[in-house]
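Colleague: Mind having a look at this structure? Questions to follow.
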Amino acid sequence: MVIRFRNYGTRLSDFEEEILVSCPQCYAYGGLRLRTAKILTVNSDKRITCQHCSYTKQHSKNGKRKATLPLWQNNSKAKSNSDYEILDHFFGLPLWLQTSCCGQVLWAYNKAHLKFLESYVQSRLRERLPDDTLGWHNGSLASRLPRWIKLTQHREKILQKIQQLKHSLE
Ligand SMILES: [Zn+2]
């Protein structure tokens, strides 16, 4: 069966409304297990909250963004440093959903983002459809995915890792 992929209009920013990160306070408490905290967009401000320890902090829209994410580029750092982590760019905290994969780092902001990646990798036939309002463009997430995610020989491995990441949400 040919699975079609039609989400070419999706942008990375579409998933920014909810970003799962490791809670810094749970970590500081020396908990046996890292806990997730959520960064949510509240009236264009970002607010992080942890439902486990009630940690909360706000990041105003005027505040500086932290070091930018090495988005979907193949990053050489991931190869040389196994501890390399992808950080969110508002609070600089490690993303909850990240794992090494094929010598790179596979990461996602949240469950919906993970599902997007899954359906992308699962699809055998990828179609580029023009955006309804913008026409053809290169701003979409799918057109910016790094090459290693698109390689057929990595499909099985990536899907396996996506399953592992899904389990970490349970
Ligand atoms: Zn916490």
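Identifiers for the structure tokens are assigned positionally: chains receive A, B, ... in sequence, residues are indexed from 1 per chain, and ligands are indexed from 1 in the order shown.
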Considering only C-alpha atoms and all ligand atoms, tabulate each residue of chain A that lies at most 8 Å from ligand 1 along with its nearest interatomic pair and the corresponding distance in Å to one decimal; arrange the rows by chain and ascending residue number and present them as JSON lines.
Modeller:
{"residue": "A:Ser22", "atom": "CA", "partner": "ligand 1", "partner_atom_place_in_ligand_line": "1 (Zn)", "distance": 7.9}
{"residue": "A:Cys23", "atom": "CA", "partner": "ligand 1", "partner_atom_place_in_ligand_line": "1 (Zn)", "distance": 4.6}
{"residue": "A:Pro24", "atom": "CA", "partner": "ligand 1", "partner_atom_place_in_ligand_line": "1 (Zn)", "distance": 6.5}
{"residue": "A:Gln25", "atom": "CA", "partner": "ligand 1", "partner_atom_place_in_ligand_line": "1 (Zn)", "distance": 4.9}
{"residue": "A:Cys26", "atom": "CA", "partner": "ligand 1", "partner_atom_place_in_ligand_line": "1 (Zn)", "distance": 4.0}
{"residue": "A:Tyr27", "atom": "CA", "partner": "ligand 1", "partner_atom_place_in_ligand_line": "1 (Zn)", "distance": 7.2}
{"residue": "A:Arg35", "atom": "CA", "partner": "ligand 1", "partner_atom_place_in_ligand_line": "1 (Zn)", "distance": 6.0}
{"residue": "A:Thr36", "atom": "CA", "partner": "ligand 1", "partner_atom_place_in_ligand_line": "1 (Zn)", "distance": 7.0}
{"residue": "A:Ala37", "atom": "CA", "partner": "ligand 1", "partner_atom_place_in_ligand_line": "1 (Zn)", "distance": 6.3}
{"residue": "A:Thr49", "atom": "CA", "partner": "ligand 1", "partner_atom_place_in_ligand_line": "1 (Zn)", "distance": 7.7}
{"residue": "A:Cys50", "atom": "CA", "partner": "ligand 1", "partner_atom_place_in_ligand_line": "1 (Zn)", "distance": 4.6}
{"residue": "A:Gln51", "atom": "CA", "partner": "ligand 1", "partner_atom_place_in_ligand_line": "1 (Zn)", "distance": 6.6}
{"residue": "A:His52", "atom": "CA", "partner": "ligand 1", "partner_atom_place_in_ligand_line": "1 (Zn)", "distance": 5.0}
{"residue": "A:Cys53", "atom": "CA", "partner": "ligand 1", "partner_atom_place_in_ligand_line": "1 (Zn)", "distance": 4.1}
{"residue": "A:Ser54", "atom": "CA", "partner": "ligand 1", "partner_atom_place_in_ligand_line": "1 (Zn)", "distance": 6.2}
{"residue": "A:Tyr55", "atom": "CA", "partner": "ligand 1", "partner_atom_place_in_ligand_line": "1 (Zn)", "distance": 5.5}
Colleague: Please provide the set of residues having any atom within 9 Å of A:Leu117, restricted to only C-alpha atoms, with same-chain residues fewer than 2 positions apart removed, written as a list in words.
Modeller: Ala108, Ala112, His113, Leu114, Lys115, Ser119, Tyr120, Val121, Gln122, Ala142, Ile149, Leu159 and Ile162 of chain A
Colleague: Deliver the residues from the most recent selection as a file, using N, CA, C and O atoms, as a JSON list (two decimals), in the first residue's frame.
Modeller:
[["chain", "number", "residue", "atom", "x", "y", "z"],
["A", 108, "ALA", "N", 11.71, 15.95, 18.90],
["A", 108, "ALA", "CA", 10.40, 16.53, 18.59],
["A", 108, "ALA", "C", 9.95, 17.38, 19.76],
["A", 108, "ALA", "O", 10.36, 17.15, 20.90],
["A", 112, "ALA", "N", 2.33, 15.54, 18.86],
["A", 112, "ALA", "CA", 1.84, 15.83, 17.51],
["A", 112, "ALA", "C", 3.01, 15.93, 16.53],
["A", 112, "ALA", "O", 2.94, 15.46, 15.40],
["A", 113, "HIS", "N", 4.08, 16.53, 17.00],
["A", 113, "HIS", "CA", 5.29, 16.68, 16.18],
["A", 113, "HIS", "C", 5.88, 15.30, 15.87],
["A", 113, "HIS", "O", 6.31, 15.02, 14.76],
["A", 114, "LEU", "N", 5.86, 14.45, 16.89],
["A", 114, "LEU", "CA", 6.37, 13.09, 16.74],
["A", 114, "LEU", "C", 5.53, 12.32, 15.70],
["A", 114, "LEU", "O", 6.05, 11.61, 14.86],
["A", 115, "LYS", "N", 4.22, 12.50, 15.79],
["A", 115, "LYS", "CA", 3.32, 11.85, 14.83],
["A", 115, "LYS", "C", 3.55, 12.34, 13.42],
["A", 115, "LYS", "O", 3.46, 11.59, 12.46],
["A", 119, "SER", "N", 4.52, 9.91, 10.34],
["A", 119, "SER", "CA", 3.78, 9.77, 9.09],
["A", 119, "SER", "C", 4.67, 10.16, 7.90],
["A", 119, "SER", "O", 4.54, 9.61, 6.82],
["A", 120, "TYR", "N", 5.59, 11.07, 8.15],
["A", 120, "TYR", "CA", 6.51, 11.44, 7.06],
["A", 120, "TYR", "C", 7.40, 10.26, 6.70],
["A", 120, "TYR", "O", 7.56, 9.91, 5.53],
["A", 121, "VAL", "N", 7.99, 9.66, 7.73],
["A", 121, "VAL", "CA", 8.92, 8.56, 7.48],
["A", 121, "VAL", "C", 8.20, 7.33, 6.92],
["A", 121, "VAL", "O", 8.73, 6.61, 6.09],
["A", 122, "GLN", "N", 6.97, 7.12, 7.39],
["A", 122, "GLN", "CA", 6.21, 5.96, 6.92],
["A", 122, "GLN", "C", 5.78, 6.10, 5.46],
["A", 122, "GLN", "O", 5.61, 5.11, 4.77],
["A", 142, "ALA", "N", 8.45, 19.82, 6.30],
["A", 142, "ALA", "CA", 8.83, 18.63, 5.53],
["A", 142, "ALA", "C", 9.93, 18.93, 4.51],
["A", 142, "ALA", "O", 10.82, 18.11, 4.31],
["A", 149, "ILE", "N", 16.97, 11.88, 7.61],
["A", 149, "ILE", "CA", 15.61, 11.44, 7.96],
["A", 149, "ILE", "C", 14.88, 10.95, 6.71],
["A", 149, "ILE", "O", 13.97, 10.14, 6.78],
["A", 159, "LEU", "N", 11.75, 4.80, 12.74],
["A", 159, "LEU", "CA", 10.41, 4.44, 13.24],
["A", 159, "LEU", "C", 10.50, 3.76, 14.60],
["A", 159, "LEU", "O", 9.68, 3.98, 15.48],
["A", 162, "ILE", "N", 11.14, 6.42, 17.14],
["A", 162, "ILE", "CA", 9.92, 7.21, 17.36],
["A", 162, "ILE", "C", 9.01, 6.46, 18.34],
["A", 162, "ILE", "O", 8.42, 7.06, 19.23]]
Colleague: For A:Glu16, which of A:Asn110, A:Thr99, A:Asn43, A:Gln104 is the closest residue, counting only C-alpha atoms?
Modeller: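 Ranking A:Asn110, A:Thr99, A:Asn43, A:Gln104 by distance to A:Glu16, first place goes to A:Asn110.
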Colleague: I'd like the neighbourhood of A:Ser13 as a PyMOL selection string, where a residue qualifies if any of its atoms comes within 12 Å (using only C-alpha atoms), though same-chain residues fewer than 2 positions away should be ignored.
Modeller: chain A and resi 9-11+15-19+41+71+108-110+113+139-141
Colleague: Check the smallest atom-to-atom distance from each of A:Leu165, A:Ile158, A:Ile86, A:Leu12 to A:Cys101 using only C-alpha atoms, then report the winner.
Modeller: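 With only C-alpha atoms as the atom set, the closest residue is A:Ile158.
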Colleague: Would you compute the distance between atom CA of A:His59 and atom CA of A:Gln98? Give it in Å to one decimal.
Modeller: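 Spanning atom CA of A:His59 to atom CA of A:Gln98 is a straight-line distance of 22.7 Å.
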Colleague: Which one is closest to A:Val105: A:Glu170, A:Asp45, A:Glu85, A:Glu156? Count only C-alpha atoms.
Modeller: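 Ranking A:Glu170, A:Asp45, A:Glu85, A:Glu156 by distance to A:Val105, first place goes to A:Glu85.
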Colleague: Report, in Å with one decimal, the straight-line distance from atom CA of A:Lys38 to atom CA of A:Ser100.
Modeller: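 Those two atoms sit 21.9 Å apart.
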Colleague: Determine the nearest neighbour of A:Ser123 from the options A:Thr152, A:Gln58, A:Gln160, A:Ser44, counting only C-alpha atoms.
Modeller: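 Nearest to A:Ser123: A:Thr152.
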Colleague: So how far away is atom CA of A:Leu20 from atom CA of A:Ile39, in Å?
Modeller: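 Taking atom CA of A:Ile39 and atom CA of A:Leu20, their separation equals 6.4 Å.
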Colleague: Would you kindly return, as a list in words, each protein, DNA or RNA residue with an atom no farther than 9 Å from any atom of A:Lys57, considering only C-alpha atoms and excluding same-chain residues fewer than 3 positions away?
Modeller: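 Once the adjacent positions are removed, what remains is Lys46, Arg47, Ile48 and Thr49 of chain A.
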Colleague: For the residues selected in the previous step, produce a file with all heavy atoms as a compact mmCIF listing (two decimals), in the first residue's frame.
Modeller:
# COMPACT_ATOMS: atom_id res chain seq x y z
N LYS A 46 5.66 32.78 26.66
CA LYS A 46 5.89 31.36 26.91
C LYS A 46 5.92 31.13 28.40
O LYS A 46 6.56 31.90 29.13
CB LYS A 46 7.23 30.92 26.29
CG LYS A 46 7.29 31.03 24.80
CD LYS A 46 6.53 29.91 24.14
CE LYS A 46 6.52 30.09 22.61
NZ LYS A 46 5.66 29.14 21.94
N ARG A 47 5.23 30.14 28.84
CA ARG A 47 5.24 29.83 30.26
C ARG A 47 5.55 28.35 30.43
O ARG A 47 4.96 27.50 29.77
CB ARG A 47 3.88 30.14 30.86
CG ARG A 47 3.82 29.85 32.36
CD ARG A 47 2.49 30.24 32.93
NE ARG A 47 2.27 31.68 32.81
CZ ARG A 47 1.06 32.25 32.84
NH1 ARG A 47 -0.01 31.51 32.96
NH2 ARG A 47 0.95 33.56 32.76
N ILE A 48 6.48 28.09 31.34
CA ILE A 48 6.81 26.68 31.60
C ILE A 48 6.15 26.28 32.90
O ILE A 48 6.17 27.03 33.88
CB ILE A 48 8.34 26.46 31.64
CG1 ILE A 48 8.65 24.99 31.96
CG2 ILE A 48 9.03 27.37 32.65
CD1 ILE A 48 10.13 24.65 31.81
N THR A 49 5.51 25.13 32.88
CA THR A 49 4.92 24.61 34.12
C THR A 49 5.20 23.12 34.22
O THR A 49 5.25 22.42 33.23
CB THR A 49 3.38 24.78 34.16
OG1 THR A 49 2.84 24.25 32.95
CG2 THR A 49 2.96 26.22 34.31
